[in-house]
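Engineer: Pasting data11.json here (JSON, C-alpha atoms and all ligand atoms):
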[["chain", "number", "residue", "atom", "x", "y", "z"],
["A", 1, "MET", "CA", -6.30, -7.63, -0.64],
["A", 2, "GLU", "CA", -5.05, -10.67, -2.48],
["A", 3, "ALA", "CA", -7.36, -11.82, -5.32],
["A", 4, "ILE", "CA", -7.50, -15.61, -5.77],
["A", 5, "GLN", "CA", -9.54, -17.40, -8.40],
["A", 6, "VAL", "CA", -10.84, -20.43, -6.48],
["A", 7, "ARG", "CA", -12.78, -21.81, -9.47],
["A", 8, "PRO", "CA", -13.59, -20.28, -12.87],
["A", 9, "GLY", "CA", -15.75, -17.22, -12.08],
["A", 10, "VAL", "CA", -15.41, -17.66, -8.30],
["A", 11, "TRP", "CA", -13.02, -15.22, -6.64],
["A", 12, "ALA", "CA", -11.88, -14.78, -3.05],
["A", 13, "PHE", "CA", -10.12, -11.67, -1.74],
["A", 14, "LEU", "CA", -7.99, -12.39, 1.29],
["A", 15, "GLY", "CA", -7.55, -9.60, 3.80],
["A", 16, "GLY", "CA", -8.55, -8.60, 7.35],
["A", 17, "VAL", "CA", -11.91, -10.08, 6.35],
["A", 18, "ASN", "CA", -12.14, -12.31, 3.29],
["A", 19, "LEU", "CA", -14.54, -11.16, 0.57],
["A", 20, "GLY", "CA", -15.90, -12.91, -2.50],
["A", 21, "ALA", "CA", -17.02, -12.21, -6.04],
["A", 22, "ILE", "CA", -19.07, -14.45, -8.33],
["A", 23, "VAL", "CA", -18.74, -13.61, -12.01],
["A", 24, "SER", "CA", -20.86, -14.61, -14.99],
["A", 25, "GLU", "CA", -21.56, -13.03, -18.38],
["A", 26, "GLY", "CA", -20.04, -9.66, -17.51],
["A", 27, "GLU", "CA", -21.85, -9.32, -14.17],
["A", 28, "VAL", "CA", -20.60, -9.77, -10.63],
["A", 29, "VAL", "CA", -22.17, -10.43, -7.21],
["A", 30, "PHE", "CA", -20.05, -9.50, -4.20],
["A", 31, "ILE", "CA", -19.97, -11.45, -0.95],
["A", 32, "ASP", "CA", -19.41, -9.23, 2.11],
["A", 33, "SER", "CA", -17.95, -5.73, 1.99],
["A", 34, "GLY", "CA", -15.26, -5.70, 4.69],
["A", 35, "LEU", "CA", -14.98, -3.30, 7.62],
["A", 36, "ASP", "CA", -15.22, 0.08, 5.90],
["A", 37, "ASP", "CA", -15.04, 1.99, 2.63],
["A", 38, "GLY", "CA", -11.47, 0.81, 1.88],
["A", 39, "PRO", "CA", -12.08, -2.84, 0.94],
["A", 40, "ALA", "CA", -15.54, -2.06, -0.52],
["A", 41, "ARG", "CA", -13.98, 0.53, -2.85],
["A", 42, "LYS", "CA", -11.16, -1.86, -3.82],
["A", 43, "LEU", "CA", -13.58, -4.63, -4.73],
["A", 44, "TRP", "CA", -15.66, -2.22, -6.84],
["A", 45, "ARG", "CA", -12.49, -1.04, -8.64],
["A", 46, "TRP", "CA", -11.41, -4.65, -9.22],
["A", 47, "ALA", "CA", -14.77, -5.32, -10.93],
["A", 48, "GLU", "CA", -14.50, -2.14, -13.04],
["A", 49, "GLY", "CA", -10.95, -3.10, -14.02],
["A", 50, "LYS", "CA", -12.29, -6.38, -15.38],
["A", 51, "GLY", "CA", -15.17, -4.65, -17.17],
["A", 52, "LEU", "CA", -17.76, -6.26, -14.88],
["A", 53, "ARG", "CA", -21.08, -4.71, -13.86],
["A", 54, "PRO", "CA", -21.84, -5.08, -10.14],
["A", 55, "ARG", "CA", -25.29, -6.67, -9.92],
["A", 56, "ALA", "CA", -25.80, -7.20, -6.16],
["A", 57, "ALA", "CA", -24.04, -7.92, -2.88],
["A", 58, "ILE", "CA", -24.78, -10.63, -0.35],
["A", 59, "LEU", "CA", -23.88, -9.88, 3.28],
["A", 60, "THR", "CA", -23.34, -13.00, 5.39],
["A", 61, "HIS", "CA", -24.00, -11.53, 8.84],
["A", 62, "ALA", "CA", -24.38, -8.28, 10.74],
["A", 63, "HIS", "CA", -20.91, -7.92, 12.25],
["A", 64, "ALA", "CA", -19.32, -4.61, 11.37],
["A", 65, "ASP", "CA", -16.15, -6.17, 9.95],
["A", 66, "HIS", "CA", -18.26, -8.00, 7.33],
["A", 67, "PHE", "CA", -20.74, -5.33, 6.26],
["A", 68, "GLY", "CA", -19.21, -1.99, 7.36],
["A", 69, "GLY", "CA", -18.34, -0.98, 3.78],
["A", 70, "ALA", "CA", -21.71, -1.95, 2.29],
["A", 71, "HIS", "CA", -23.21, 1.54, 2.73],
["A", 72, "LEU", "CA", -20.75, 2.73, 0.05],
["A", 73, "TRP", "CA", -22.14, 0.18, -2.42],
["A", 74, "ALA", "CA", -25.73, 1.05, -1.47],
["A", 75, "GLY", "CA", -24.88, 4.70, -2.21],
["A", 76, "ARG", "CA", -23.88, 3.60, -5.72],
["A", 77, "GLY", "CA", -27.25, 1.92, -6.24],
["A", 78, "LEU", "CA", -26.12, -1.67, -5.63],
["A", 79, "PRO", "CA", -28.88, -3.86, -4.13],
["A", 80, "LEU", "CA", -27.80, -5.49, -0.84],
["A", 81, "HIS", "CA", -29.13, -8.83, 0.37],
["A", 82, "SER", "CA", -28.89, -10.80, 3.61],
["A", 83, "SER", "CA", -31.00, -13.02, 5.82],
["A", 84, "GLU", "CA", -34.02, -11.21, 7.23],
["A", 85, "LEU", "CA", -32.84, -11.03, 10.85],
["A", 86, "GLU", "CA", -29.25, -10.05, 10.08],
["A", 87, "GLY", "CA", -30.60, -7.49, 7.61],
["A", 88, "MET", "CA", -32.62, -5.82, 10.37],
["A", 89, "MET", "CA", -29.40, -5.42, 12.35],
["A", 90, "MET", "CA", -27.60, -3.97, 9.30],
["A", 91, "GLU", "CA", -30.36, -1.38, 8.96],
["A", 92, "HIS", "CA", -30.05, -0.61, 12.69],
["A", 93, "PRO", "CA", -26.39, -1.39, 13.46],
["A", 94, "ILE", "CA", -26.57, 0.18, 16.93],
["A", 95, "PHE", "CA", -27.84, -3.24, 18.06],
["A", 96, "GLU", "CA", -24.34, -4.75, 17.72],
["A", 97, "PRO", "CA", -22.74, -2.61, 20.48],
["A", 98, "VAL", "CA", -25.99, -2.61, 22.48],
["A", 99, "LEU", "CA", -26.08, -6.43, 22.51],
["A", 100, "LEU", "CA", -22.38, -6.59, 23.42],
["A", 101, "PHE", "CA", -23.07, -4.22, 26.30],
["A", 102, "SER", "CA", -25.87, -6.34, 27.81],
["A", 103, "GLY", "CA", -28.61, -4.16, 26.35],
["A", 104, "ALA", "CA", -27.44, -0.92, 27.96],
["A", 105, "ALA", "CA", -26.33, 2.23, 26.13],
["A", 106, "PRO", "CA", -22.77, 1.27, 25.11],
["A", 107, "ILE", "CA", -19.55, 2.90, 26.32],
["A", 108, "PRO", "CA", -17.78, 5.10, 23.71],
["A", 109, "GLU", "CA", -15.22, 2.38, 22.91],
["A", 110, "LEU", "CA", -18.00, 0.21, 21.47],
["A", 111, "LEU", "CA", -19.25, 3.04, 19.26],
["A", 112, "GLN", "CA", -16.34, 2.95, 16.83],
["A", 113, "LYS", "CA", -16.23, 1.20, 13.46],
["A", 114, "PHE", "CA", -15.12, -2.23, 14.72],
["A", 115, "THR", "CA", -18.44, -2.74, 16.50],
["A", 116, "LEU", "CA", -20.66, -0.01, 15.02],
["A", 117, "ALA", "CA", -21.01, 0.00, 11.24],
["A", 118, "LYS", "CA", -22.77, 2.65, 9.19],
["A", 119, "PRO", "CA", -26.37, 1.59, 8.48],
["A", 120, "CYS", "CA", -27.29, 0.27, 5.06],
["A", 121, "ARG", "CA", -30.67, -0.38, 3.47],
["A", 122, "ILE", "CA", -31.26, -4.04, 2.62],
["A", 123, "SER", "CA", -33.06, -4.45, -0.70],
["A", 124, "GLY", "CA", -34.37, -7.92, -0.04],
["A", 125, "ALA", "CA", -34.15, -10.77, 2.45],
["A", 126, "LEU", "CA", -32.79, -14.03, 1.07],
["A", 127, "ALA", "CA", -34.60, -17.30, 1.65],
["A", 128, "LEU", "CA", -32.52, -20.45, 1.99],
["A", 129, "GLY", "CA", -31.83, -22.46, -1.17],
["A", 130, "PRO", "CA", -31.08, -21.51, -4.77],
["A", 131, "VAL", "CA", -31.23, -17.84, -5.70],
["A", 132, "GLY", "CA", -30.52, -16.19, -9.03],
["A", 133, "PHE", "CA", -29.15, -12.75, -9.84],
["A", 134, "GLY", "CA", -29.55, -12.47, -13.61],
["A", 135, "PRO", "CA", -27.04, -14.90, -15.08],
["A", 136, "LEU", "CA", -25.62, -15.74, -11.63],
["A", 137, "ALA", "CA", -26.90, -18.61, -9.52],
["A", 138, "VAL", "CA", -25.87, -19.36, -5.93],
["A", 139, "GLU", "CA", -27.26, -21.37, -3.03],
["A", 140, "VAL", "CA", -27.97, -19.74, 0.32],
["A", 141, "VAL", "CA", -27.08, -22.01, 3.25],
["A", 142, "ALA", "CA", -28.04, -21.47, 6.93],
["A", 143, "LEU", "CA", -24.97, -21.26, 9.19],
["A", 144, "PRO", "CA", -26.30, -19.97, 12.52],
["A", 145, "GLY", "CA", -24.31, -20.01, 15.75],
["A", 146, "HIS", "CA", -21.65, -17.35, 15.36],
["A", 147, "SER", "CA", -24.54, -14.93, 14.87],
["A", 148, "PRO", "CA", -28.31, -15.57, 15.00],
["A", 149, "ALA", "CA", -29.01, -15.97, 11.27],
["A", 150, "GLN", "CA", -25.66, -16.05, 9.51],
["A", 151, "ILE", "CA", -25.75, -17.43, 5.96],
["A", 152, "GLY", "CA", -23.14, -19.08, 3.78],
["A", 153, "ILE", "CA", -23.04, -18.83, -0.01],
["A", 154, "LYS", "CA", -22.45, -21.95, -2.05],
["A", 155, "VAL", "CA", -21.27, -21.67, -5.65],
["A", 156, "GLY", "CA", -20.69, -25.08, -7.24],
["A", 157, "ASP", "CA", -18.49, -26.94, -4.75],
["A", 158, "VAL", "CA", -17.14, -23.77, -3.10],
["A", 159, "LEU", "CA", -18.74, -22.52, 0.13],
["A", 160, "PHE", "CA", -18.20, -18.99, 1.43],
["A", 161, "CYS", "CA", -18.81, -19.94, 5.05],
["A", 162, "ALA", "CA", -18.21, -16.56, 6.77],
["A", 163, "ASP", "CA", -17.46, -16.99, 10.49],
["A", 164, "SER", "CA", -18.94, -20.47, 10.89],
["A", 165, "LEU", "CA", -15.35, -21.73, 11.02],
["A", 166, "PHE", "CA", -12.17, -20.17, 12.35],
["A", 167, "PRO", "CA", -9.06, -21.93, 11.00],
["A", 168, "PRO", "CA", -6.23, -22.86, 13.42],
["A", 169, "GLU", "CA", -4.10, -19.79, 12.58],
["A", 170, "ILE", "CA", -6.96, -17.51, 13.69],
["A", 171, "LEU", "CA", -7.72, -19.55, 16.83],
["A", 172, "ARG", "CA", -4.09, -19.20, 17.91],
["A", 173, "LYS", "CA", -4.54, -15.41, 17.91],
["A", 174, "HIS", "CA", -8.12, -15.44, 19.23],
["A", 175, "PRO", "CA", -8.61, -18.62, 21.28],
["A", 176, "ILE", "CA", -12.16, -17.72, 22.39],
["A", 177, "PRO", "CA", -14.03, -17.35, 19.06],
["A", 178, "PHE", "CA", -17.22, -15.29, 19.15],
["A", 179, "CYS", "CA", -20.39, -17.36, 19.57],
["A", 180, "TYR", "CA", -24.03, -16.38, 19.90],
["A", 181, "ASP", "CA", -25.48, -19.91, 20.07],
["A", 182, "PHE", "CA", -22.87, -22.47, 21.04],
["A", 183, "SER", "CA", -24.65, -25.67, 20.03],
["A", 184, "LYS", "CA", -25.78, -24.22, 16.69],
["A", 185, "ALA", "CA", -22.17, -23.12, 16.07],
["A", 186, "LEU", "CA", -21.08, -26.74, 16.56],
["A", 187, "ASP", "CA", -23.80, -28.00, 14.18],
["A", 188, "SER", "CA", -22.90, -25.42, 11.52],
["A", 189, "ALA", "CA", -19.18, -26.30, 11.75],
["A", 190, "ARG", "CA", -20.08, -29.98, 11.28],
["A", 191, "ALA", "CA", -22.16, -29.23, 8.18],
["A", 192, "LEU", "CA", -19.15, -27.60, 6.50],
["A", 193, "GLU", "CA", -17.45, -30.97, 6.08],
["A", 194, "GLU", "CA", -19.44, -31.61, 2.92],
["A", 195, "ALA", "CA", -17.88, -28.69, 1.02],
["A", 196, "GLU", "CA", -15.00, -29.33, -1.36],
["A", 197, "ALA", "CA", -13.56, -25.85, -0.86],
["A", 198, "LEU", "CA", -14.19, -23.34, 1.91],
["A", 199, "VAL", "CA", -13.60, -19.61, 1.98],
["A", 200, "PRO", "CA", -13.83, -18.67, 5.67],
["A", 201, "GLY", "CA", -14.35, -15.09, 6.78],
["A", 202, "HIS", "CA", -10.85, -15.00, 8.22],
["A", 203, "GLY", "CA", -7.69, -16.96, 7.33],
["A", 204, "GLN", "CA", -6.71, -19.05, 4.32],
["A", 205, "ILE", "CA", -8.86, -20.85, 1.74],
["A", 206, "LEU", "CA", -9.28, -24.55, 2.53],
["A", 207, "GLN", "CA", -9.52, -27.28, -0.11],
["A", 208, "GLY", "CA", -10.24, -31.03, -0.12],
["A", 209, "GLU", "CA", -9.01, -32.83, 2.99],
["A", 210, "GLU", "CA", -8.10, -29.49, 4.64],
["A", 211, "VAL", "CA", -11.84, -28.72, 4.88],
["A", 212, "ARG", "CA", -12.60, -31.80, 6.99],
["A", 213, "LYS", "CA", -9.48, -31.31, 9.12],
["A", 214, "ALA", "CA", -10.30, -27.65, 9.83],
["A", 215, "SER", "CA", -13.92, -28.48, 10.67],
["A", 216, "LEU", "CA", -12.78, -31.22, 13.07],
["A", 217, "ALA", "CA", -10.13, -28.98, 14.65],
["A", 218, "PHE", "CA", -12.59, -26.11, 15.11],
["A", 219, "ARG", "CA", -15.19, -28.38, 16.68],
["A", 220, "ALA", "CA", -12.54, -29.91, 18.96],
["A", 221, "HIS", "CA", -11.57, -26.39, 20.02],
["A", 222, "LEU", "CA", -15.20, -25.50, 20.81],
["A", 223, "GLU", "CA", -15.63, -28.78, 22.71],
["A", 224, "ARG", "CA", -12.49, -27.99, 24.70],
["A", 225, "ILE", "CA", -13.96, -24.63, 25.75],
["A", 226, "ARG", "CA", -17.22, -26.37, 26.70],
["A", 227, "GLY", "CA", -15.26, -28.96, 28.73],
["A", 228, "ILE", "CA", -13.33, -26.28, 30.62],
["A", 229, "VAL", "CA", -16.55, -24.39, 31.43],
["A", 230, "LEU", "CA", -18.26, -27.55, 32.66],
["A", 231, "GLU", "CA", -15.28, -28.44, 34.84],
["A", 232, "LYS", "CA", -14.92, -24.95, 36.30],
["A", 233, "ILE", "CA", -18.57, -24.61, 37.30],
["A", 234, "ALA", "CA", -18.32, -27.72, 39.49],
["A", 235, "THR", "CA", -17.94, -24.98, 42.10],
["A", 236, "PRO", "CA", -20.43, -22.12, 41.47],
["A", 237, "LYS", "CA", -18.97, -19.17, 39.57],
["A", 238, "THR", "CA", -20.00, -15.92, 37.99],
["A", 239, "ALA", "CA", -19.80, -15.70, 34.17],
["A", 240, "ASP", "CA", -16.78, -13.41, 34.57],
["A", 241, "GLY", "CA", -15.19, -15.95, 36.89],
["A", 242, "VAL", "CA", -15.67, -18.66, 34.25],
["A", 243, "LEU", "CA", -14.25, -16.37, 31.55],
["A", 244, "PHE", "CA", -11.19, -15.70, 33.71],
["A", 245, "GLU", "CA", -10.50, -19.43, 34.03],
["A", 246, "VAL", "CA", -11.06, -20.19, 30.32],
["A", 247, "ALA", "CA", -8.89, -17.25, 29.22],
["A", 248, "ASN", "CA", -6.06, -18.37, 31.50],
["A", 249, "LEU", "CA", -6.18, -21.96, 30.30],
["A", 250, "LEU", "CA", -6.31, -21.03, 26.61],
["A", 251, "GLY", "CA", -3.72, -18.26, 26.88],
["A", 252, "ALA", "CA", -6.13, -15.50, 25.83],
["A", 253, "SER", "CA", -5.28, -11.98, 26.89],
["A", 254, "PHE", "CA", -7.69, -9.11, 26.29],
["A", 255, "SER", "CA", -6.30, -5.69, 25.57],
["A", 256, "ASN", "CA", -9.55, -3.73, 25.75],
["A", 257, "ALA", "CA", -13.18, -3.87, 26.86],
["A", 258, "THR", "CA", -14.37, -4.87, 23.37],
["A", 259, "GLU", "CA", -12.25, -8.02, 23.30],
["A", 260, "PHE", "CA", -13.33, -8.87, 26.85],
["A", 261, "LEU", "CA", -17.03, -8.39, 26.07],
["A", 262, "LEU", "CA", -16.83, -10.45, 22.86],
["A", 263, "ALA", "CA", -15.27, -13.37, 24.77],
["A", 264, "ARG", "CA", -17.79, -12.90, 27.60],
["A", 265, "THR", "CA", -20.64, -13.38, 25.11],
["A", 266, "THR", "CA", -19.07, -16.66, 23.99],
["A", 267, "ILE", "CA", -18.88, -17.86, 27.61],
["A", 268, "LEU", "CA", -22.55, -16.93, 28.11],
["A", 269, "SER", "CA", -23.40, -18.90, 24.94],
["A", 270, "VAL", "CA", -21.65, -21.97, 26.42],
["A", 271, "LEU", "CA", -23.39, -21.55, 29.80],
["A", 272, "SER", "CA", -26.76, -21.10, 28.10],
["A", 273, "SER", "CA", -26.28, -24.25, 25.99],
["A", 274, "LEU", "CA", -25.37, -26.21, 29.16],
["A", 275, "VAL", "CA", -28.58, -25.00, 30.85],
["A", 276, "HIS", "CA", -30.62, -25.99, 27.77],
["A", 277, "GLU", "CA", -29.04, -29.45, 27.93],
["A", 278, "GLY", "CA", -29.90, -29.80, 31.62],
["A", 279, "LEU", "CA", -26.23, -29.88, 32.62],
["A", 280, "ALA", "CA", -26.06, -26.57, 34.47],
["A", 281, "GLU", "CA", -28.21, -24.01, 36.20],
["A", 282, "ALA", "CA", -28.11, -20.27, 36.80],
["A", 283, "ARG", "CA", -28.94, -19.31, 40.38],
["A", 284, "VAL", "CA", -28.89, -16.07, 42.32],
["A", 285, "GLU", "CA", -27.12, -16.31, 45.66],
["A", 286, "GLY", "CA", -26.21, -13.32, 47.77],
["A", 287, "ASN", "CA", -27.35, -11.01, 44.97],
["A", 288, "THR", "CA", -24.85, -12.67, 42.60],
["A", 289, "LEU", "CA", -25.76, -14.66, 39.46],
["A", 290, "LEU", "CA", -23.88, -17.94, 39.78],
["A", 291, "TRP", "CA", -23.51, -20.82, 37.32],
["A", 292, "ARG", "CA", -23.30, -24.33, 38.66],
["A", 293, "ARG", "CA", -22.94, -27.79, 37.14],
["A", 294, "LEU", "CA", -25.85, -30.17, 37.85],
["A", 301, "ZN", "ZN", -18.54, -12.30, 12.64]]
What does this structure look like when you write it as structure tokens?

Structural biologist:
Amino acid sequence: MEAIQVRPGVWAFLGGVNLGAIVSEGEVVFIDSGLDDGPARKLWRWAEGKGLRPRAAILTHAHADHFGGAHLWAGRGLPLHSSELEGMMMEHPIFEPVLLFSGAAPIPELLQKFTLAKPCRISGALALGPVGFGPLAVEVVALPGHSPAQIGIKVGDVLFCADSLFPPEILRKHPIPFCYDFSKALDSARALEEAEALVPGHGQILQGEEVRKASLAFRAHLERIRGIVLEKIATPKTADGVLFEVANLLGASFSNATEFLLARTTILSVLSSLVHEGLAEARVEGNTLLWRRL
């Protein structure tokens, strides 16, 4: 993990998942824990090395790679905070693989740490707006879309925006970014433009003009996916048929069921948004659920 001081008292730790730390008057609030005990332990040691007392942790959303290490902090008495809905999923993390597996009991592959975190008790749900932790003040911002109630954390002009934006280097590796609500994901990505510095959940820190460029590029990428889906359902297709076409056009290749199911959820989020907009319909024909452009 590479520690970068973005602003005085505002730290980002770049790794598989980017983490944050807000420091004031000898106390520190962590942002996200990473996938497992490893990064959570490292962040705690970093704070101890600087003589800082961990005061609380804020968890942006209930995906295992962002909160999987938080149980270690809870075991050390650190209060954990999140939005109410995401917090419920953190307390019952089985919902992540269950949702990915269409509500059925998940296959063993989905029951490992990448999609099933250890549960952690959430000490308090965060409302949107300013929140104080002793000497530390941050602003909680709603960034839904990637997950139902993801939050971002604003400190001065720096926004820890979690997975509301995937920078180009991440999209090249994963061209179908995970989405729960496609139109809200677009809205959240647009709202990021106002930040002066962004710490996304994955990839490099963005500053100044890079913020606007990355927001535009991410939205253009999402719009491209939406355009492909709309074009392909001119002839009725199953969701898997649509995914096949999108993956081929964007050069995505899935190496396991987890990657396939994550991308499939994104395609369903696009199809659902098209139905909500009156541009598509879902119809059963010959015992097959087909999606068709209107
Ligand atoms: Zn995520």

Engineer: For a test of reading the model, state the distance in Å between CA of His174 (chain A) and CA of Ala21 (chain A), rounded to one decimal.

Structural biologist: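 That distance, rounded to one decimal, is 27.0 Å.
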
Engineer: Can you write out as CSV which residues of region 128-233 of chain A fall within 7 Å of region 270-283 of chain A, alongside each residue's closest atom pair and its distance in Å to one decimal, counting only C-alpha atoms and ordering rows by chain and ascending residue number?

Structural biologist:
residue,atom,partner,partner_atom,distance
A:Phe182,CA,A:Val270,CA,5.5
A:Ser183,CA,A:Ser273,CA,6.3
A:Arg226,CA,A:Val270,CA,6.3

Engineer: Output the selection as a PDB file, in the frame of the given file - C-alpha atoms for each residue.

Structural biologist:
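To be explicit, this is the file written out as again_8.pdb:
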ATOM      1  CA  PHE A 182     -22.870 -22.470  21.040  1.00  0.00           C
ATOM      2  CA  SER A 183     -24.650 -25.670  20.030  1.00  0.00           C
ATOM      3  CA  ARG A 226     -17.220 -26.370  26.700  1.00  0.00           C
TER       4      ARG A 226
END

Engineer: What's around Val158 (chain A) at 12 Å? Count only C-alpha atoms, leave out sequence neighbours fewer than 4 positions away in its own chain, and write the answer as a PyMOL selection string.

Structural biologist: chain A and resi 5-12+20-22+138-139+141+152-154+192-200+205-208+211

Engineer: CA of Arg212 (chain A) to CA of Ala185 (chain A): how many Å, to one decimal?

Structural biologist: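 Going from CA of Arg212 (chain A) over to CA of Ala185 (chain A) covers 15.8 Å.
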
Engineer: Could you list, with a cut-off of 12 Å and counting all atoms listed in the file, the residues of chain A near ligand ZN 301 (chain A), each shown with its nearest atom pair and the distance in Å rounded to one decimal, rows sorted by chain and ascending number, as a Markdown table?

Structural biologist:
| residue | atom | partner | partner_atom | distance |
| --- | --- | --- | --- | --- |
| A:Gly16 | CA | A:ZN301 | ZN | 11.9 |
| A:Val17 | CA | A:ZN301 | ZN | 9.4 |
| A:Asn18 | CA | A:ZN301 | ZN | 11.3 |
| A:Asp32 | CA | A:ZN301 | ZN | 11.0 |
| A:Gly34 | CA | A:ZN301 | ZN | 10.8 |
| A:Leu35 | CA | A:ZN301 | ZN | 10.9 |
| A:Leu59 | CA | A:ZN301 | ZN | 11.0 |
| A:Thr60 | CA | A:ZN301 | ZN | 8.7 |
| A:His61 | CA | A:ZN301 | ZN | 6.7 |
| A:Ala62 | CA | A:ZN301 | ZN | 7.3 |
| A:His63 | CA | A:ZN301 | ZN | 5.0 |
| A:Ala64 | CA | A:ZN301 | ZN | 7.8 |
| A:Asp65 | CA | A:ZN301 | ZN | 7.1 |
| A:His66 | CA | A:ZN301 | ZN | 6.8 |
| A:Phe67 | CA | A:ZN301 | ZN | 9.7 |
| A:Gly68 | CA | A:ZN301 | ZN | 11.6 |
| A:Glu86 | CA | A:ZN301 | ZN | 11.2 |
| A:Glu96 | CA | A:ZN301 | ZN | 10.8 |
| A:Phe114 | CA | A:ZN301 | ZN | 10.8 |
| A:Thr115 | CA | A:ZN301 | ZN | 10.3 |
| A:Leu143 | CA | A:ZN301 | ZN | 11.6 |
| A:Pro144 | CA | A:ZN301 | ZN | 10.9 |
| A:Gly145 | CA | A:ZN301 | ZN | 10.1 |
| A:His146 | CA | A:ZN301 | ZN | 6.5 |
| A:Ser147 | CA | A:ZN301 | ZN | 6.9 |
| A:Pro148 | CA | A:ZN301 | ZN | 10.6 |
| A:Ala149 | CA | A:ZN301 | ZN | 11.2 |
| A:Gln150 | CA | A:ZN301 | ZN | 8.6 |
| A:Ile151 | CA | A:ZN301 | ZN | 11.1 |
| A:Cys161 | CA | A:ZN301 | ZN | 10.8 |
| A:Ala162 | CA | A:ZN301 | ZN | 7.3 |
| A:Asp163 | CA | A:ZN301 | ZN | 5.3 |
| A:Ser164 | CA | A:ZN301 | ZN | 8.4 |
| A:Leu165 | CA | A:ZN301 | ZN | 10.1 |
| A:Phe166 | CA | A:ZN301 | ZN | 10.1 |
| A:Pro177 | CA | A:ZN301 | ZN | 9.3 |
| A:Phe178 | CA | A:ZN301 | ZN | 7.3 |
| A:Cys179 | CA | A:ZN301 | ZN | 8.8 |
| A:Tyr180 | CA | A:ZN301 | ZN | 10.0 |
| A:Ala185 | CA | A:ZN301 | ZN | 11.9 |
| A:Pro200 | CA | A:ZN301 | ZN | 10.6 |
| A:Gly201 | CA | A:ZN301 | ZN | 7.7 |
| A:His202 | CA | A:ZN301 | ZN | 9.3 |
| A:Leu262 | CA | A:ZN301 | ZN | 10.5 |

Engineer: Convert the current residue selection to file output with C-alpha atoms, as a PDB file, in the coordinates of the input.

Structural biologist:
ATOM      1  CA  GLY A  16      -8.550  -8.600   7.350  1.00  0.00           C
ATOM      2  CA  VAL A  17     -11.910 -10.080   6.350  1.00  0.00           C
ATOM      3  CA  ASN A  18     -12.140 -12.310   3.290  1.00  0.00           C
ATOM      4  CA  ASP A  32     -19.410  -9.230   2.110  1.00  0.00           C
ATOM      5  CA  GLY A  34     -15.260  -5.700   4.690  1.00  0.00           C
ATOM      6  CA  LEU A  35     -14.980  -3.300   7.620  1.00  0.00           C
ATOM      7  CA  LEU A  59     -23.880  -9.880   3.280  1.00  0.00           C
ATOM      8  CA  THR A  60     -23.340 -13.000   5.390  1.00  0.00           C
ATOM      9  CA  HIS A  61     -24.000 -11.530   8.840  1.00  0.00           C
ATOM     10  CA  ALA A  62     -24.380  -8.280  10.740  1.00  0.00           C
ATOM     11  CA  HIS A  63     -20.910  -7.920  12.250  1.00  0.00           C
ATOM     12  CA  ALA A  64     -19.320  -4.610  11.370  1.00  0.00           C
ATOM     13  CA  ASP A  65     -16.150  -6.170   9.950  1.00  0.00           C
ATOM     14  CA  HIS A  66     -18.260  -8.000   7.330  1.00  0.00           C
ATOM     15  CA  PHE A  67     -20.740  -5.330   6.260  1.00  0.00           C
ATOM     16  CA  GLY A  68     -19.210  -1.990   7.360  1.00  0.00           C
ATOM     17  CA  GLU A  86     -29.250 -10.050  10.080  1.00  0.00           C
ATOM     18  CA  GLU A  96     -24.340  -4.750  17.720  1.00  0.00           C
ATOM     19  CA  PHE A 114     -15.120  -2.230  14.720  1.00  0.00           C
ATOM     20  CA  THR A 115     -18.440  -2.740  16.500  1.00  0.00           C
ATOM     21  CA  LEU A 143     -24.970 -21.260   9.190  1.00  0.00           C
ATOM     22  CA  PRO A 144     -26.300 -19.970  12.520  1.00  0.00           C
ATOM     23  CA  GLY A 145     -24.310 -20.010  15.750  1.00  0.00           C
ATOM     24  CA  HIS A 146     -21.650 -17.350  15.360  1.00  0.00           C
ATOM     25  CA  SER A 147     -24.540 -14.930  14.870  1.00  0.00           C
ATOM     26  CA  PRO A 148     -28.310 -15.570  15.000  1.00  0.00           C
ATOM     27  CA  ALA A 149     -29.010 -15.970  11.270  1.00  0.00           C
ATOM     28  CA  GLN A 150     -25.660 -16.050   9.510  1.00  0.00           C
ATOM     29  CA  ILE A 151     -25.750 -17.430   5.960  1.00  0.00           C
ATOM     30  CA  CYS A 161     -18.810 -19.940   5.050  1.00  0.00           C
ATOM     31  CA  ALA A 162     -18.210 -16.560   6.770  1.00  0.00           C
ATOM     32  CA  ASP A 163     -17.460 -16.990  10.490  1.00  0.00           C
ATOM     33  CA  SER A 164     -18.940 -20.470  10.890  1.00  0.00           C
ATOM     34  CA  LEU A 165     -15.350 -21.730  11.020  1.00  0.00           C
ATOM     35  CA  PHE A 166     -12.170 -20.170  12.350  1.00  0.00           C
ATOM     36  CA  PRO A 177     -14.030 -17.350  19.060  1.00  0.00           C
ATOM     37  CA  PHE A 178     -17.220 -15.290  19.150  1.00  0.00           C
ATOM     38  CA  CYS A 179     -20.390 -17.360  19.570  1.00  0.00           C
ATOM     39  CA  TYR A 180     -24.030 -16.380  19.900  1.00  0.00           C
ATOM     40  CA  ALA A 185     -22.170 -23.120  16.070  1.00  0.00           C
ATOM     41  CA  PRO A 200     -13.830 -18.670   5.670  1.00  0.00           C
ATOM     42  CA  GLY A 201     -14.350 -15.090   6.780  1.00  0.00           C
ATOM     43  CA  HIS A 202     -10.850 -15.000   8.220  1.00  0.00           C
ATOM     44  CA  LEU A 262     -16.830 -10.450  22.860  1.00  0.00           C
TER      45      LEU A 262
END

Engineer: May I ask which of the residues A:Gly251, A:Gly132, A:Pro106, A:Pro97 is the closest one to Leu171 (chain A), counting all atoms listed in the file?

Structural biologist: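 Of A:Gly251, A:Gly132, A:Pro106, A:Pro97, the one nearest Leu171 (chain A), counting all atoms listed in the file, is A:Gly251.
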
Engineer: Of the candidates A:Ala105, A:Ala125, A:Ala3, A:Ala57, which one gets nearest to Met88 (chain A) if we count only C-alpha atoms?

Structural biologist: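 The answer is A:Ala125, which sits nearest to Met88 (chain A).
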